[in-house]
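Here the structure is laid out as structure tokens; the discussion comes afterwards.
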Amino acid sequence: MSSTSSQDQRPLSPHLQVYRPMLTMMMSIAHRITGVALYFGTFLVAWWLVAAAVGAGYFDMVNGFFGSWFGRIILLGYTWTLIHHALGGLRHLVWDTGRGFELDQVEFMAKANLVGSIVLTVLVWIVGYAVR
Amino acid sequence: MSLRTPLGKVRGLGSAKSGTDHWWMQRVTAIANIPLVICVMGIVISLTGADHAAVIARLGHPIVTIVLLAFILSITWHMRLGMQVVIEDYVHGEGRKIACLLANAFFCAVIAIAGVFAVLKLGFGA
């Protein structure tokens with residue numbers, strides 16, 4: 001349908017750029033972007049598990065990568081992405097029950113999602129370094 | 001007034017022939033992911049700085065194996081459903097869309113198979 005020439009000539013309705021950026025909009029976009037990032041990030045989980053199954057030599061190499069400053073930055077980003085997407089998912093589960101649609105509730109959940117993801121990420125890493 | 005046939009109404013599957021299955025399984029796997037991700041985060045955190053012997057000992061525990069299996073199956077299922085929606089939203093050419101959907105299915109399958117194999121190997125004693 002989209003390849004018919006008559007449709008290509010038609011004016012398009014305004015898209016996202018006509019809207020003033022809002023927190024709720026940004027959090028919706030962030031939920032999708034973090035989901036896509038986690039999608040590819042799952043490769044790292046499988047890689048680590050397979051490395052453990054392969055043997056000590058290969059595992060030490062992979063673990064060394066994750067333990068390097070570069071690997072830690074990736075894992076820090078992974079942690080935040082995962083928690084942000086998980087909290088965003090909780091918001092969606094609340095909405096699925098028909099609750100939380102009042103504007104002040106929506107605004108509160110958007111802020112709680114953002115602040116919560118940062119706070120929990122820091123907490124996870126404090127625990128990670130503490131038990132090391 | 002509805003133009004749907006009585007049989008179509010009873011089946012409730014609509015034109016895609018899958019009804020609300022996609023939406024429902026997205027939610028089922030989302031809910032499963034919550035405790036599973038928390039458990040796996042705990043396992044990974046407990047293994048920071050651990051050597052290979054300690055890691056395979058921990059990952060060889062039956063409870064850990066079961067949790068990891070459930071985790072891998074739930075997240076790869078959830079991944080595939082989520083990416084499918086993203087592809088359907090942004091990839092418009094029919095050929096390219098089908099190629100992307102196939103790549104999505106294969107990527108998730110490879111991750112799932114690799115993860116399950118590794119976890120089972122560790123569970124049965126690497």
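Identifiers in this document derive from the order of the structure tokens: chains are assigned A, B, ..., residues are numbered from 1 separately in each chain, and ligands are numbered from 1 in order of occurrence.
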Contact residues (chain B, partner chain A, 10 Å, only C-alpha atoms) as a VMD selection string
chain B and resid 27 30 to 31 33 to 34 37 to 38 41 to 42 44 to 53 55 to 56 59 68 72 75 to 76 78 to 80 82 to 83 86 92 to 94 104 107 to 108 110 to 123 125 to 126
Next, the residues of the selection above should be written as a compact mmCIF listing (two decimals), in the first residue's frame with N, CA and C atoms.
```
# COMPACT_ATOMS: atom_id res chain seq x y z
N ARG B 27 2.70 -9.70 28.72
CA ARG B 27 2.45 -9.42 30.15
C ARG B 27 2.86 -10.60 31.02
N ALA B 30 6.49 -10.56 31.23
CA ALA B 30 6.92 -9.37 31.98
C ALA B 30 6.83 -9.64 33.48
N ILE B 31 5.71 -10.24 33.90
CA ILE B 31 5.52 -10.52 35.33
C ILE B 31 6.52 -11.58 35.78
N ASN B 33 9.42 -12.06 34.53
CA ASN B 33 10.77 -11.47 34.51
C ASN B 33 11.12 -10.77 35.81
N ILE B 34 10.12 -10.22 36.50
CA ILE B 34 10.41 -9.42 37.70
C ILE B 34 11.17 -10.24 38.75
N VAL B 37 14.60 -11.75 37.18
CA VAL B 37 15.71 -10.81 37.00
C VAL B 37 16.32 -10.45 38.35
N ILE B 38 15.46 -10.29 39.37
CA ILE B 38 15.98 -9.98 40.71
C ILE B 38 16.88 -11.12 41.19
N MET B 41 20.14 -11.17 39.15
CA MET B 41 21.00 -10.07 39.60
C MET B 41 21.71 -10.45 40.89
N GLY B 42 20.97 -11.07 41.80
CA GLY B 42 21.57 -11.50 43.06
C GLY B 42 22.67 -12.52 42.83
N VAL B 44 24.47 -12.95 40.08
CA VAL B 44 25.62 -12.31 39.42
C VAL B 44 26.40 -11.45 40.42
N ILE B 45 25.67 -10.68 41.25
CA ILE B 45 26.35 -9.83 42.23
C ILE B 45 27.18 -10.70 43.20
N SER B 46 26.59 -11.85 43.59
CA SER B 46 27.30 -12.71 44.54
C SER B 46 28.56 -13.32 43.92
N LEU B 47 28.68 -13.24 42.59
CA LEU B 47 29.84 -13.83 41.91
C LEU B 47 30.83 -12.78 41.41
N THR B 48 30.64 -11.50 41.79
CA THR B 48 31.60 -10.49 41.35
C THR B 48 32.96 -10.80 41.98
N GLY B 49 33.96 -10.85 41.12
CA GLY B 49 35.32 -11.11 41.57
C GLY B 49 35.61 -12.59 41.83
N ALA B 50 34.61 -13.47 41.59
CA ALA B 50 34.83 -14.89 41.84
C ALA B 50 35.59 -15.52 40.67
N ASP B 51 36.41 -16.55 40.95
CA ASP B 51 37.12 -17.24 39.87
C ASP B 51 36.22 -18.32 39.25
N HIS B 52 36.75 -18.99 38.22
CA HIS B 52 35.94 -19.95 37.46
C HIS B 52 35.41 -21.07 38.33
N ALA B 53 36.25 -21.58 39.24
CA ALA B 53 35.83 -22.70 40.09
C ALA B 53 34.62 -22.31 40.95
N VAL B 55 32.50 -19.91 40.30
CA VAL B 55 31.34 -19.63 39.44
C VAL B 55 30.64 -20.92 39.03
N ILE B 56 31.42 -21.93 38.59
CA ILE B 56 30.75 -23.16 38.16
C ILE B 56 30.16 -23.92 39.35
N LEU B 59 26.86 -21.94 39.86
CA LEU B 59 25.92 -22.14 38.75
C LEU B 59 25.55 -23.62 38.59
N LEU B 68 17.92 -20.02 36.40
CA LEU B 68 18.55 -19.53 35.17
C LEU B 68 17.80 -20.01 33.92
N ILE B 72 16.16 -17.43 31.31
CA ILE B 72 16.52 -17.37 29.88
C ILE B 72 15.29 -17.53 28.99
N ILE B 75 12.97 -14.29 29.37
CA ILE B 75 13.47 -13.04 28.77
C ILE B 75 13.58 -13.15 27.25
N THR B 76 13.98 -14.30 26.72
CA THR B 76 14.10 -14.41 25.26
C THR B 76 12.71 -14.38 24.60
N HIS B 78 10.09 -12.73 25.89
CA HIS B 78 9.71 -11.33 26.05
C HIS B 78 10.42 -10.45 25.02
N MET B 79 11.71 -10.72 24.81
CA MET B 79 12.52 -9.99 23.83
C MET B 79 11.92 -10.09 22.44
N ARG B 80 11.57 -11.31 22.07
CA ARG B 80 11.08 -11.53 20.72
C ARG B 80 9.76 -10.79 20.50
N GLY B 82 8.67 -8.12 22.12
CA GLY B 82 8.91 -6.68 22.15
C GLY B 82 9.52 -6.19 20.85
N MET B 83 10.56 -6.89 20.38
CA MET B 83 11.22 -6.46 19.15
C MET B 83 10.29 -6.58 17.95
N VAL B 86 8.41 -3.41 17.71
CA VAL B 86 9.27 -2.33 17.22
C VAL B 86 9.45 -2.45 15.71
N HIS B 92 8.69 -0.71 7.15
CA HIS B 92 7.44 -0.71 6.39
C HIS B 92 7.45 -1.59 5.15
N GLY B 93 8.58 -1.69 4.45
CA GLY B 93 8.62 -2.53 3.26
C GLY B 93 8.33 -3.98 3.63
N GLU B 94 7.46 -4.64 2.88
CA GLU B 94 7.03 -5.99 3.27
C GLU B 94 8.20 -6.97 3.33
N ASN B 104 14.84 -11.46 13.95
CA ASN B 104 14.42 -11.38 15.34
C ASN B 104 14.21 -12.78 15.93
N PHE B 107 17.65 -14.60 16.18
CA PHE B 107 18.51 -14.06 17.23
C PHE B 107 18.05 -14.54 18.60
N CYS B 108 16.74 -14.43 18.85
CA CYS B 108 16.20 -14.84 20.16
C CYS B 108 16.38 -16.34 20.35
N VAL B 110 18.77 -18.25 19.04
CA VAL B 110 20.19 -18.54 19.28
C VAL B 110 20.57 -18.21 20.72
N ILE B 111 20.13 -17.04 21.20
CA ILE B 111 20.42 -16.65 22.58
C ILE B 111 19.82 -17.68 23.55
N ALA B 112 18.57 -18.07 23.29
CA ALA B 112 17.89 -19.01 24.17
C ALA B 112 18.60 -20.37 24.18
N ILE B 113 18.94 -20.88 22.99
CA ILE B 113 19.57 -22.19 22.90
C ILE B 113 20.95 -22.17 23.55
N ALA B 114 21.73 -21.12 23.24
CA ALA B 114 23.08 -21.01 23.82
C ALA B 114 22.99 -20.93 25.34
N GLY B 115 22.07 -20.11 25.84
CA GLY B 115 21.94 -19.94 27.28
C GLY B 115 21.49 -21.22 27.96
N VAL B 116 20.48 -21.86 27.38
CA VAL B 116 19.95 -23.10 27.97
C VAL B 116 21.03 -24.18 27.96
N PHE B 117 21.76 -24.30 26.84
CA PHE B 117 22.80 -25.32 26.77
C PHE B 117 23.87 -25.07 27.84
N ALA B 118 24.32 -23.83 27.95
CA ALA B 118 25.38 -23.51 28.92
C ALA B 118 24.91 -23.81 30.35
N VAL B 119 23.67 -23.40 30.64
CA VAL B 119 23.14 -23.60 32.00
C VAL B 119 22.99 -25.09 32.31
N LEU B 120 22.50 -25.85 31.32
CA LEU B 120 22.34 -27.30 31.54
C LEU B 120 23.70 -27.97 31.71
N LYS B 121 24.68 -27.56 30.90
CA LYS B 121 26.01 -28.16 31.01
C LYS B 121 26.60 -27.89 32.41
N LEU B 122 26.43 -26.65 32.88
CA LEU B 122 26.92 -26.31 34.21
C LEU B 122 26.11 -27.06 35.27
N GLY B 123 24.81 -27.20 35.04
CA GLY B 123 23.95 -27.87 36.00
C GLY B 123 24.27 -29.35 36.15
N GLY B 125 27.18 -30.54 35.60
CA GLY B 125 28.59 -30.65 35.97
C GLY B 125 29.50 -30.45 34.78
N ALA B 126 29.97 -29.16 34.59
CA ALA B 126 30.75 -28.81 33.39
C ALA B 126 32.03 -29.63 33.34
```
Near Cys100 in chain B, within 10 Å and counting only C-alpha atoms, which residues show up once chain neighbours fewer than 3 positions away are dropped, as a ChimeraX atom specification?
/B:83-84,87-88,91,94-97,103-106
Print the selection's residues with N, CA and C atoms to a file, as a PDB file, in the first residue's frame.
```
ATOM      1  N   MET B  83      10.561  -6.891  20.376  1.00  0.00           N
ATOM      2  CA  MET B  83      11.223  -6.458  19.148  1.00  0.00           C
ATOM      3  C   MET B  83      10.292  -6.583  17.950  1.00  0.00           C
ATOM      4  N   GLN B  84       9.405  -7.576  17.989  1.00  0.00           N
ATOM      5  CA  GLN B  84       8.441  -7.731  16.894  1.00  0.00           C
ATOM      6  C   GLN B  84       7.594  -6.462  16.742  1.00  0.00           C
ATOM      7  N   ILE B  87       9.703  -3.667  15.228  1.00  0.00           N
ATOM      8  CA  ILE B  87       9.886  -3.884  13.784  1.00  0.00           C
ATOM      9  C   ILE B  87       8.599  -3.528  13.031  1.00  0.00           C
ATOM     10  N   GLU B  88       7.468  -3.986  13.545  1.00  0.00           N
ATOM     11  CA  GLU B  88       6.200  -3.722  12.861  1.00  0.00           C
ATOM     12  C   GLU B  88       5.873  -2.228  12.833  1.00  0.00           C
ATOM     13  N   VAL B  91       9.544  -0.706  10.390  1.00  0.00           N
ATOM     14  CA  VAL B  91      10.003  -1.273   9.115  1.00  0.00           C
ATOM     15  C   VAL B  91       8.781  -1.496   8.230  1.00  0.00           C
ATOM     16  N   GLU B  94       7.463  -4.645   2.879  1.00  0.00           N
ATOM     17  CA  GLU B  94       7.029  -5.991   3.271  1.00  0.00           C
ATOM     18  C   GLU B  94       8.202  -6.971   3.335  1.00  0.00           C
ATOM     19  N   GLY B  95       9.076  -6.916   2.311  1.00  0.00           N
ATOM     20  CA  GLY B  95      10.221  -7.829   2.284  1.00  0.00           C
ATOM     21  C   GLY B  95      11.170  -7.574   3.429  1.00  0.00           C
ATOM     22  N   ARG B  96      11.487  -6.292   3.649  1.00  0.00           N
ATOM     23  CA  ARG B  96      12.411  -5.943   4.735  1.00  0.00           C
ATOM     24  C   ARG B  96      11.820  -6.292   6.089  1.00  0.00           C
ATOM     25  N   LYS B  97      10.501  -6.089   6.196  1.00  0.00           N
ATOM     26  CA  LYS B  97       9.844  -6.387   7.478  1.00  0.00           C
ATOM     27  C   LYS B  97       9.941  -7.879   7.787  1.00  0.00           C
ATOM     28  N   ALA B 103      15.002 -12.404  11.353  1.00  0.00           N
ATOM     29  CA  ALA B 103      16.247 -12.167  12.099  1.00  0.00           C
ATOM     30  C   ALA B 103      15.957 -12.104  13.591  1.00  0.00           C
ATOM     31  N   ASN B 104      14.841 -11.462  13.947  1.00  0.00           N
ATOM     32  CA  ASN B 104      14.419 -11.379  15.344  1.00  0.00           C
ATOM     33  C   ASN B 104      14.207 -12.778  15.932  1.00  0.00           C
ATOM     34  N   ALA B 105      13.471 -13.601  15.190  1.00  0.00           N
ATOM     35  CA  ALA B 105      13.186 -14.961  15.672  1.00  0.00           C
ATOM     36  C   ALA B 105      14.479 -15.753  15.841  1.00  0.00           C
ATOM     37  N   PHE B 106      15.382 -15.635  14.863  1.00  0.00           N
ATOM     38  CA  PHE B 106      16.617 -16.419  14.910  1.00  0.00           C
ATOM     39  C   PHE B 106      17.535 -15.931  16.031  1.00  0.00           C
TER      40      PHE B 106
END
```
Name the residues of range 6-124 of chain B that come out as alpha helix (DSSP H) in a backbone DSSP run; write them as number ranges by chain.
B: 6-11, 21-46, 52-59, 62-90, 94-123
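One finds CA of Thr29 in chain B at 9.1 Å from CA of Leu73 in chain B.
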Can you check which parts of range 75-118 of chain A lie within 9 Å of range 12-29 of chain A? Per residue, the shortest pair of atoms and distance in Å to one decimal, counting only C-alpha atoms, sorted by chain and number, as a Markdown table.
```
| residue | atom | partner | partner_atom | distance |
| --- | --- | --- | --- | --- |
| A:Gly88 | CA | A:Met27 | CA | 7.9 |
| A:Val106 | CA | A:Thr24 | CA | 7.4 |
| A:Glu107 | CA | A:Thr24 | CA | 6.7 |
| A:Met109 | CA | A:Thr24 | CA | 8.9 |
| A:Ala110 | CA | A:Thr24 | CA | 5.9 |
| A:Lys111 | CA | A:Leu23 | CA | 7.9 |
| A:Asn113 | CA | A:Met27 | CA | 8.3 |
| A:Leu114 | CA | A:Met27 | CA | 7.9 |
```
Saved selection, atoms kept: C-alpha atoms, as a JSON list (two decimals), in the first residue's frame:
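Result saved to again_32.json:
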```json
[["chain", "number", "residue", "atom", "x", "y", "z"],
["A", 88, "GLY", "CA", 8.69, 1.22, 33.24],
["A", 106, "VAL", "CA", 1.03, 9.59, 35.46],
["A", 107, "GLU", "CA", 3.44, 12.44, 36.19],
["A", 109, "MET", "CA", 5.02, 7.48, 38.12],
["A", 110, "ALA", "CA", 7.17, 8.96, 35.35],
["A", 111, "LYS", "CA", 9.31, 10.79, 37.92],
["A", 113, "ASN", "CA", 10.57, 5.63, 37.32],
["A", 114, "LEU", "CA", 13.45, 7.97, 36.48]]
```
